[in-house]
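Data file: query-v9.cif. Format and content: mmCIF, C-alpha atoms.
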data_coords
#
loop_
_atom_site.label_atom_id
_atom_site.label_comp_id
_atom_site.auth_asym_id
_atom_site.auth_seq_id
_atom_site.Cartn_x
_atom_site.Cartn_y
_atom_site.Cartn_z
CA MET D 1 -21.80 -53.98 24.57
CA LYS D 2 -23.51 -50.90 23.16
CA THR D 3 -22.13 -48.90 26.08
CA VAL D 4 -18.55 -50.06 25.33
CA ARG D 5 -18.98 -49.34 21.62
CA SER D 6 -20.43 -45.95 22.43
CA LEU D 7 -17.53 -45.20 24.77
CA ARG D 8 -15.02 -46.29 22.15
CA GLY D 9 -16.73 -44.08 19.57
CA THR D 10 -16.68 -41.14 21.95
CA LEU D 11 -12.99 -41.66 22.71
CA ALA D 12 -12.14 -41.92 19.02
CA ALA D 13 -14.06 -38.77 18.23
CA THR D 14 -12.40 -36.93 21.11
CA LEU D 15 -8.95 -38.08 19.95
CA ALA D 16 -9.68 -36.97 16.38
CA LEU D 17 -10.84 -33.56 17.55
CA GLY D 18 -7.73 -33.27 19.68
CA LEU D 19 -5.51 -34.02 16.70
CA ILE D 20 -7.35 -31.47 14.58
CA ALA D 21 -7.10 -28.83 17.31
CA GLY D 22 -3.39 -29.49 17.71
CA ALA D 23 -2.68 -29.28 13.97
CA PRO D 24 -1.18 -26.10 12.54
CA ALA D 25 -3.79 -23.60 11.39
CA PHE D 26 -1.93 -23.37 8.09
CA ALA D 27 -0.78 -26.81 6.96
CA GLN D 28 -1.10 -25.59 3.36
CA GLU D 29 1.02 -23.01 1.56
CA ILE D 30 0.22 -19.30 1.94
CA LYS D 31 0.36 -17.52 -1.42
CA ILE D 32 1.54 -13.89 -1.47
CA SER D 33 0.87 -11.97 -4.69
CA HIS D 34 2.10 -8.55 -5.81
CA GLN D 35 2.89 -6.54 -8.96
CA TRP D 36 6.55 -5.58 -8.48
CA LYS D 37 9.91 -7.07 -9.50
CA ALA D 38 11.43 -9.72 -7.27
CA ASN D 39 14.47 -8.74 -5.19
CA VAL D 40 14.47 -5.23 -6.70
CA ASP D 41 11.44 -3.33 -5.43
CA GLY D 42 11.30 -2.66 -1.68
CA ARG D 43 7.80 -4.08 -1.40
CA ASP D 44 9.05 -7.47 -2.58
CA ARG D 45 12.17 -7.29 -0.41
CA ALA D 46 10.20 -6.37 2.72
CA THR D 47 7.76 -9.20 2.00
CA ARG D 48 10.71 -11.62 2.09
CA VAL D 49 11.79 -10.18 5.45
CA PHE D 50 8.30 -10.82 6.81
CA VAL D 51 8.28 -14.40 5.48
CA ASP D 52 11.73 -15.14 6.92
CA GLU D 53 10.75 -13.79 10.33
CA VAL D 54 7.59 -15.93 10.47
CA ALA D 55 9.54 -19.02 9.38
CA LYS D 56 12.05 -18.55 12.21
CA LYS D 57 9.29 -18.81 14.81
CA ASP D 58 6.88 -21.26 13.14
CA PRO D 59 8.46 -23.42 10.41
CA SER D 60 5.11 -25.16 9.90
CA ILE D 61 3.80 -22.06 8.11
CA LYS D 62 4.87 -22.18 4.47
CA PHE D 63 4.81 -19.27 2.05
CA ARG D 64 5.24 -18.81 -1.68
CA ILE D 65 5.74 -15.32 -3.09
CA TYR D 66 4.43 -14.52 -6.58
CA PRO D 67 6.04 -11.23 -7.73
CA ALA D 68 5.33 -9.25 -10.91
CA GLN D 69 1.77 -10.63 -11.30
CA SER D 70 3.23 -14.13 -11.77
CA LEU D 71 0.23 -15.73 -10.04
CA GLY D 72 -1.87 -14.50 -12.94
CA ILE D 73 -3.94 -12.11 -10.81
CA LYS D 74 -3.97 -8.47 -11.92
CA PRO D 75 -3.38 -5.78 -9.25
CA LEU D 76 -7.03 -4.76 -8.76
CA ALA D 77 -8.27 -8.35 -8.97
CA GLN D 78 -6.13 -9.23 -5.95
CA LEU D 79 -8.74 -7.51 -3.79
CA ASP D 80 -11.52 -9.80 -5.02
CA ALA D 81 -9.29 -12.83 -4.42
CA LEU D 82 -8.53 -11.67 -0.86
CA GLN D 83 -12.20 -11.06 -0.15
CA ASN D 84 -13.35 -14.46 -1.40
CA GLY D 85 -10.45 -16.29 0.22
CA SER D 86 -8.91 -17.71 -2.97
CA LEU D 87 -5.75 -15.69 -2.22
CA GLU D 88 -4.24 -15.64 1.26
CA MET D 89 -2.02 -12.52 1.14
CA ALA D 90 -1.01 -9.68 -1.18
CA VAL D 91 0.88 -6.40 -1.16
CA VAL D 92 -1.79 -3.85 -2.04
CA PRO D 93 -1.67 -0.07 -2.55
CA MET D 94 -4.74 0.62 -0.43
CA SER D 95 -5.92 3.28 -2.87
CA TYR D 96 -6.85 0.34 -5.14
CA ALA D 97 -9.51 -0.59 -2.57
CA VAL D 98 -11.49 2.62 -3.13
CA GLY D 99 -13.70 0.65 -5.52
CA LYS D 100 -14.65 -1.57 -2.57
CA ALA D 101 -15.18 1.29 -0.09
CA GLN D 102 -14.71 4.98 -0.88
CA GLU D 103 -13.35 5.60 2.64
CA PHE D 104 -10.04 3.96 1.67
CA SER D 105 -9.10 7.27 0.01
CA ILE D 106 -7.95 8.39 3.46
CA ILE D 107 -4.65 6.58 3.00
CA ILE D 108 -3.57 8.93 0.21
CA MET D 109 -5.27 12.18 1.26
CA PRO D 110 -3.07 14.98 -0.15
CA GLY D 111 -0.89 16.82 2.32
CA THR D 112 -2.02 14.92 5.44
CA VAL D 113 1.05 12.68 5.88
CA PRO D 114 4.00 14.87 4.84
CA THR D 115 6.87 12.68 6.08
CA LEU D 116 7.73 9.07 6.83
CA ASP D 117 8.22 10.00 10.48
CA HIS D 118 4.64 11.27 10.58
CA ALA D 119 3.44 8.05 8.93
CA MET D 120 5.10 6.02 11.68
CA LYS D 121 3.41 8.19 14.33
CA LEU D 122 0.06 6.95 13.02
CA ARG D 123 0.84 3.37 14.03
CA GLY D 124 -1.02 2.38 17.21
CA THR D 125 -3.34 5.39 17.09
CA PRO D 126 -7.16 5.48 16.94
CA PHE D 127 -6.71 6.30 13.25
CA GLN D 128 -4.98 2.97 12.62
CA ALA D 129 -7.63 1.12 14.64
CA LYS D 130 -10.45 2.72 12.62
CA LEU D 131 -8.65 1.95 9.35
CA GLN D 132 -8.25 -1.69 10.42
CA GLU D 133 -11.97 -1.76 11.19
CA LEU D 134 -12.68 -0.55 7.65
CA ALA D 135 -10.34 -3.17 6.15
CA GLU D 136 -11.85 -6.05 8.12
CA LYS D 137 -15.35 -4.92 7.22
CA ASN D 138 -14.21 -5.40 3.62
CA GLY D 139 -12.70 -8.84 4.12
CA MET D 140 -9.06 -7.88 4.66
CA ARG D 141 -6.58 -7.58 7.50
CA ILE D 142 -3.82 -4.96 7.22
CA VAL D 143 -0.72 -6.78 8.46
CA THR D 144 2.18 -4.34 7.88
CA TRP D 145 2.48 -0.55 8.04
CA TRP D 146 4.34 0.29 4.82
CA TRP D 147 4.09 3.91 3.64
CA THR D 148 5.68 5.21 0.44
CA PRO D 149 6.46 8.86 -0.32
CA GLY D 150 5.41 9.88 -3.81
CA ALA D 151 6.51 12.34 -6.45
CA PHE D 152 5.46 14.12 -9.64
CA ALA D 153 7.06 13.54 -13.02
CA SER D 154 6.19 15.00 -16.39
CA LYS D 155 7.24 14.60 -20.01
CA ASP D 156 6.84 18.27 -20.93
CA ARG D 157 7.39 20.63 -18.01
CA GLU D 158 8.32 21.00 -14.36
CA VAL D 159 5.60 20.51 -11.74
CA THR D 160 5.78 23.14 -9.00
CA GLY D 161 2.63 24.70 -7.52
CA PRO D 162 -0.97 23.93 -8.54
CA LYS D 163 -0.91 26.25 -11.58
CA SER D 164 1.86 24.17 -13.15
CA VAL D 165 -0.41 21.17 -13.83
CA ASP D 166 -2.96 23.13 -15.87
CA GLY D 167 -3.48 21.23 -19.14
CA LEU D 168 -1.55 18.10 -18.14
CA LYS D 169 -2.98 14.59 -18.56
CA MET D 170 -2.13 12.91 -15.25
CA ARG D 171 -2.36 9.71 -13.25
CA ALA D 172 -2.79 10.22 -9.51
CA ALA D 173 -4.12 6.88 -8.11
CA ASP D 174 -7.14 8.12 -6.15
CA PRO D 175 -10.43 9.98 -6.77
CA THR D 176 -9.90 12.61 -4.06
CA PHE D 177 -6.39 13.37 -5.31
CA GLU D 178 -7.78 13.52 -8.82
CA SER D 179 -10.43 16.01 -7.69
CA MET D 180 -7.72 18.35 -6.44
CA LEU D 181 -5.75 18.03 -9.71
CA LYS D 182 -8.85 18.68 -11.81
CA SER D 183 -9.52 21.87 -9.86
CA ALA D 184 -5.98 22.96 -10.83
CA GLY D 185 -6.75 22.38 -14.52
CA ALA D 186 -5.35 18.89 -15.11
CA SER D 187 -7.25 16.04 -16.74
CA VAL D 188 -6.86 12.70 -14.98
CA VAL D 189 -6.70 9.05 -15.98
CA ASN D 190 -7.15 6.25 -13.43
CA MET D 191 -4.84 3.24 -13.74
CA PRO D 192 -2.70 0.89 -11.61
CA SER D 193 1.02 1.63 -11.53
CA THR D 194 1.75 -1.28 -13.88
CA GLU D 195 0.10 0.72 -16.70
CA ILE D 196 1.95 4.02 -16.16
CA TYR D 197 4.99 3.25 -18.35
CA PRO D 198 3.06 2.24 -21.50
CA SER D 199 0.58 5.08 -20.96
CA LEU D 200 3.41 7.63 -20.86
CA GLN D 201 5.00 5.96 -23.87
CA SER D 202 1.79 6.10 -25.93
CA GLY D 203 0.76 9.60 -24.83
CA VAL D 204 -2.35 8.55 -22.91
CA ILE D 205 -0.84 10.60 -20.08
CA ASN D 206 2.04 13.08 -20.04
CA ALA D 207 2.52 13.33 -16.28
CA THR D 208 2.09 11.11 -13.26
CA LEU D 209 2.12 10.81 -9.50
CA THR D 210 3.37 7.59 -7.95
CA SER D 211 5.78 6.38 -5.29
CA ALA D 212 9.47 7.27 -5.49
CA GLU D 213 10.18 3.54 -5.38
CA THR D 214 7.99 2.87 -8.43
CA PHE D 215 9.68 5.61 -10.48
CA VAL D 216 12.90 3.62 -10.17
CA SER D 217 11.74 -0.02 -10.16
CA MET D 218 9.48 0.53 -13.21
CA ARG D 219 12.03 2.82 -14.95
CA LEU D 220 9.57 5.69 -15.39
CA TYR D 221 12.57 8.03 -15.75
CA GLU D 222 12.85 6.63 -19.29
CA GLN D 223 9.51 8.23 -20.22
CA THR D 224 9.57 11.50 -18.22
CA LYS D 225 12.08 14.35 -18.26
CA TYR D 226 11.01 16.47 -15.27
CA ALA D 227 10.77 15.16 -11.72
CA THR D 228 9.56 16.88 -8.54
CA VAL D 229 10.97 14.92 -5.61
CA PRO D 230 9.68 14.92 -1.99
CA SER D 231 13.04 15.43 -0.26
CA GLN D 232 11.63 17.36 2.71
CA ARG D 233 7.87 16.85 2.49
CA ALA D 234 5.56 14.66 0.41
CA LEU D 235 2.21 15.81 -0.92
CA TRP D 236 1.54 12.18 -1.99
CA MET D 237 2.07 9.52 0.71
CA LEU D 238 0.44 6.12 0.26
CA LEU D 239 -0.06 3.09 2.50
CA GLN D 240 0.96 -0.02 0.53
CA PRO D 241 0.90 -2.83 3.10
CA LEU D 242 1.02 -6.58 3.16
CA VAL D 243 -2.64 -7.54 3.51
CA MET D 244 -4.22 -10.86 4.46
CA SER D 245 -7.62 -12.27 3.60
CA LYS D 246 -9.68 -11.99 6.78
CA GLN D 247 -10.94 -15.52 6.18
CA HIS D 248 -7.38 -16.79 6.46
CA TRP D 249 -6.35 -14.40 9.24
CA ASP D 250 -9.20 -15.78 11.35
CA LYS D 251 -7.84 -19.31 10.84
CA LEU D 252 -4.55 -18.43 12.51
CA THR D 253 -4.13 -19.40 16.16
CA PRO D 254 -3.54 -16.60 18.69
CA ALA D 255 0.12 -17.65 18.84
CA GLN D 256 0.44 -17.48 15.06
CA LYS D 257 -1.22 -14.06 14.94
CA LYS D 258 1.35 -12.84 17.46
CA ILE D 259 4.16 -14.24 15.28
CA PHE D 260 2.70 -12.43 12.24
CA GLU D 261 2.53 -9.17 14.17
CA GLU D 262 6.12 -9.49 15.37
CA ALA D 263 7.29 -10.31 11.85
CA ALA D 264 5.32 -7.32 10.54
CA ALA D 265 7.11 -5.02 12.99
CA LYS D 266 10.50 -6.26 11.72
CA SER D 267 9.43 -5.74 8.11
CA ASP D 268 8.08 -2.26 8.95
CA ALA D 269 11.49 -1.17 10.24
CA TYR D 270 13.22 -2.63 7.19
CA PHE D 271 10.75 -1.03 4.76
CA LEU D 272 11.04 2.35 6.47
CA GLY D 273 14.79 2.29 5.90
CA LEU D 274 14.29 1.49 2.22
CA GLN D 275 11.83 4.36 1.78
CA ARG D 276 14.21 6.83 3.38
CA GLU D 277 16.62 5.87 0.59
CA ALA D 278 14.00 5.72 -2.18
CA VAL D 279 13.74 9.47 -2.78
CA ASP D 280 17.52 9.80 -3.11
CA LYS D 281 17.60 6.87 -5.53
CA MET D 282 14.83 8.43 -7.59
CA GLU D 283 16.69 11.74 -7.77
CA GLU D 284 19.88 9.93 -8.73
CA ALA D 285 18.13 7.91 -11.45
CA TYR D 286 16.57 11.02 -12.99
CA LYS D 287 19.82 12.99 -12.96
CA LYS D 288 21.65 10.05 -14.52
CA ALA D 289 18.99 9.97 -17.26
CA GLY D 290 19.64 13.66 -17.94
CA ALA D 291 16.32 14.87 -16.55
CA LYS D 292 15.64 18.02 -14.57
CA VAL D 293 14.97 17.48 -10.85
CA HIS D 294 13.02 19.93 -8.72
CA GLU D 295 12.42 19.89 -4.97
CA MET D 296 9.03 21.30 -4.01
CA SER D 297 9.50 24.47 -1.97
CA PRO D 298 7.62 25.09 1.29
CA ALA D 299 5.55 27.76 -0.48
CA GLU D 300 4.62 25.38 -3.32
CA PHE D 301 3.71 22.65 -0.83
CA ASP D 302 1.54 25.07 1.15
CA GLN D 303 -0.28 26.10 -2.04
CA TRP D 304 -1.16 22.47 -2.72
CA VAL D 305 -2.34 21.89 0.86
CA ALA D 306 -4.48 25.03 0.72
CA LEU D 307 -6.08 23.67 -2.45
CA ALA D 308 -6.60 20.23 -0.85
CA LYS D 309 -8.38 21.85 2.09
CA THR D 310 -11.01 23.30 -0.26
CA THR D 311 -11.33 20.27 -2.57
CA ALA D 312 -10.12 16.79 -1.58
CA TRP D 313 -10.54 17.07 2.20
CA PRO D 314 -14.15 18.36 2.40
CA GLU D 315 -15.27 16.19 -0.53
CA PHE D 316 -13.93 13.11 1.25
CA ALA D 317 -15.42 14.05 4.63
CA ALA D 318 -18.84 14.43 3.00
CA LYS D 319 -18.82 10.86 1.65
CA SER D 320 -19.90 9.19 4.91
CA PRO D 321 -19.75 9.50 8.72
CA MET D 322 -16.84 7.02 8.72
CA ALA D 323 -14.97 9.11 6.15
CA LYS D 324 -15.31 12.20 8.34
CA GLU D 325 -14.20 10.24 11.40
CA LEU D 326 -11.15 8.86 9.60
CA LEU D 327 -10.11 12.33 8.42
CA ASP D 328 -10.59 13.81 11.90
CA LEU D 329 -8.56 11.01 13.48
CA LEU D 330 -5.81 11.41 10.88
CA LEU D 331 -5.58 15.19 11.32
CA ALA D 332 -5.52 14.77 15.12
CA VAL D 333 -2.06 13.18 14.92
CA LYS D 334 0.52 15.97 14.97
#
Give the structure from this file in structure tokens form.
Amino acid sequence: MKTVRSLRGTLAATLALGLIAGAPAFAQEIKISHQWKANVDGRDRATRVFVDEVAKKDPSIKFRIYPAQSLGIKPLAQLDALQNGSLEMAVVPMSYAVGKAQEFSIIIMPGTVPTLDHAMKLRGTPFQAKLQELAEKNGMRIVTWWWTPGAFASKDREVTGPKSVDGLKMRAADPTFESMLKSAGASVVNMPSTEIYPSLQSGVINATLTSAETFVSMRLYEQTKYATVPSQRALWMLLQPLVMSKQHWDKLTPAQKKIFEEAAAKSDAYFLGLQREAVDKMEEAYKKAGAKVHEMSPAEFDQWVALAKTTAWPEFAAKSPMAKELLDLLLAVK
């Protein structure tokens, strides 16, 4: 009798384990948080492309997108939530992660990624693999490869070469970028992009660097009268990907991970197209607002890169062996 009961117990346990193993890795809803306007900003729109692509291949995976901080998590706090697993996914400017690991500054190193085409060349390289290693070490998985070209804008005067920022109070989004600006005579204030508009309005800053997309979606042209657009080359290029908590990434089945990667590739292509248009839309918005628009000349760009090579680049490389390796791998891609 005990043998029969034991056998029945074993069979029941085996059946239960089989049901658990066969269940979807994500029976619950996946929350995606970000700080931008729904259906307006490209980061929100590309997120919806990703979600739609996953749903086509695995309808059991459910998502809910929380745009414009509607989940109640501030931009920097999203990183803590990803690390502790209380948030599944977020769109994160990776420069925000510098507080977690200083090596994340590599994804906004001035003058190293001058065009969107160059940014796409980095995908699948040892640089991307090393960056993913850094992200996973810090509890996150970089899912998409979304790069945004950035621009200067000022309330008081045109930004051209390094000498033009002397005396300006600026936001730049990263310590190494800030180091370069300080060496040119600017004072810097660190803040997420959600705080740029009120800071310009109140006079906390009188100039800023951010993505071309953000200048339009957050209407920064209302608070600045001079814009320097990256039509041919961008001094400021930032990775702002869809990121997943590693705890939750590890719960996905191999098949689901493959679906996520395929969906990411579709969203990458879509986002790239949006960013090619973003600079033109920024220029158009500034001209419509009656502002003066300047395109950085090759000589001005080269002056900034020369300054970066003596400030931001060596300062970053000296931070750690991984920082030096990341910079070397990035510069190796031509």
Exercise. Report the residues retrieved by the PyMOL selection byres ((chain D and resi 329) around 12) from the displayed file, expressed as a list in words.
Key: Ile106, Thr112, Leu122, Thr125, Pro126, Phe127, Gln128, Ala129, Lys130, Leu131, Ala317, Met322, Ala323, Lys324, Glu325, Leu326, Leu327, Asp328, Leu330, Leu331, Ala332, Val333 and Lys334 of chain D
What lies within 10 Å of D:Phe260 using all atoms listed in the file, ignoring chain neighbours under 6 positions off, as a short mmCIF file (atom, residue, chain, number, x, y, z; two decimals) with C-alpha atoms, in the coordinates of the input?
data_model
loop_
_atom_site.label_atom_id
_atom_site.label_comp_id
_atom_site.auth_asym_id
_atom_site.auth_seq_id
_atom_site.Cartn_x
_atom_site.Cartn_y
_atom_site.Cartn_z
CA PHE D 50 8.30 -10.82 6.81
CA VAL D 51 8.28 -14.40 5.48
CA GLU D 53 10.75 -13.79 10.33
CA VAL D 54 7.59 -15.93 10.47
CA ALA D 55 9.54 -19.02 9.38
CA LYS D 57 9.29 -18.81 14.81
CA ASP D 58 6.88 -21.26 13.14
CA VAL D 143 -0.72 -6.78 8.46
CA THR D 144 2.18 -4.34 7.88
CA TRP D 249 -6.35 -14.40 9.24
CA LEU D 252 -4.55 -18.43 12.51
CA PRO D 254 -3.54 -16.60 18.69
CA LYS D 266 10.50 -6.26 11.72
#
Quiz item: Any idea what the distance is between atom CA of D:Thr115 and atom CA of D:Arg233?
Solution: 5.6 Å
Quiz prompt | For D:Ala173: contacts at 8 Å, only C-alpha atoms, fewer than 5 positions along chain excluded, given as a ChimeraX atom specification | solution = /D:95-96,178,190-192,209-210
Specify the axis-aligned box that encloses all atoms of stretch 173-192 of chain D listed in the file after padding of 3 Å on each side, stating its centre and edge lengths in Å to one decimal as AutoDock Vina command-line options.
--center_x -6.6 --center_y 11.9 --center_z -10.4 --size_x 13.7 --size_y 28.1 --size_z 18.7
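Each of D:Thr253, D:Gln275, D:Ser231, D:Gln247 was checked against D:Val293 using all atoms listed in the file; the smallest atom-to-atom distance is that of D:Ser231.
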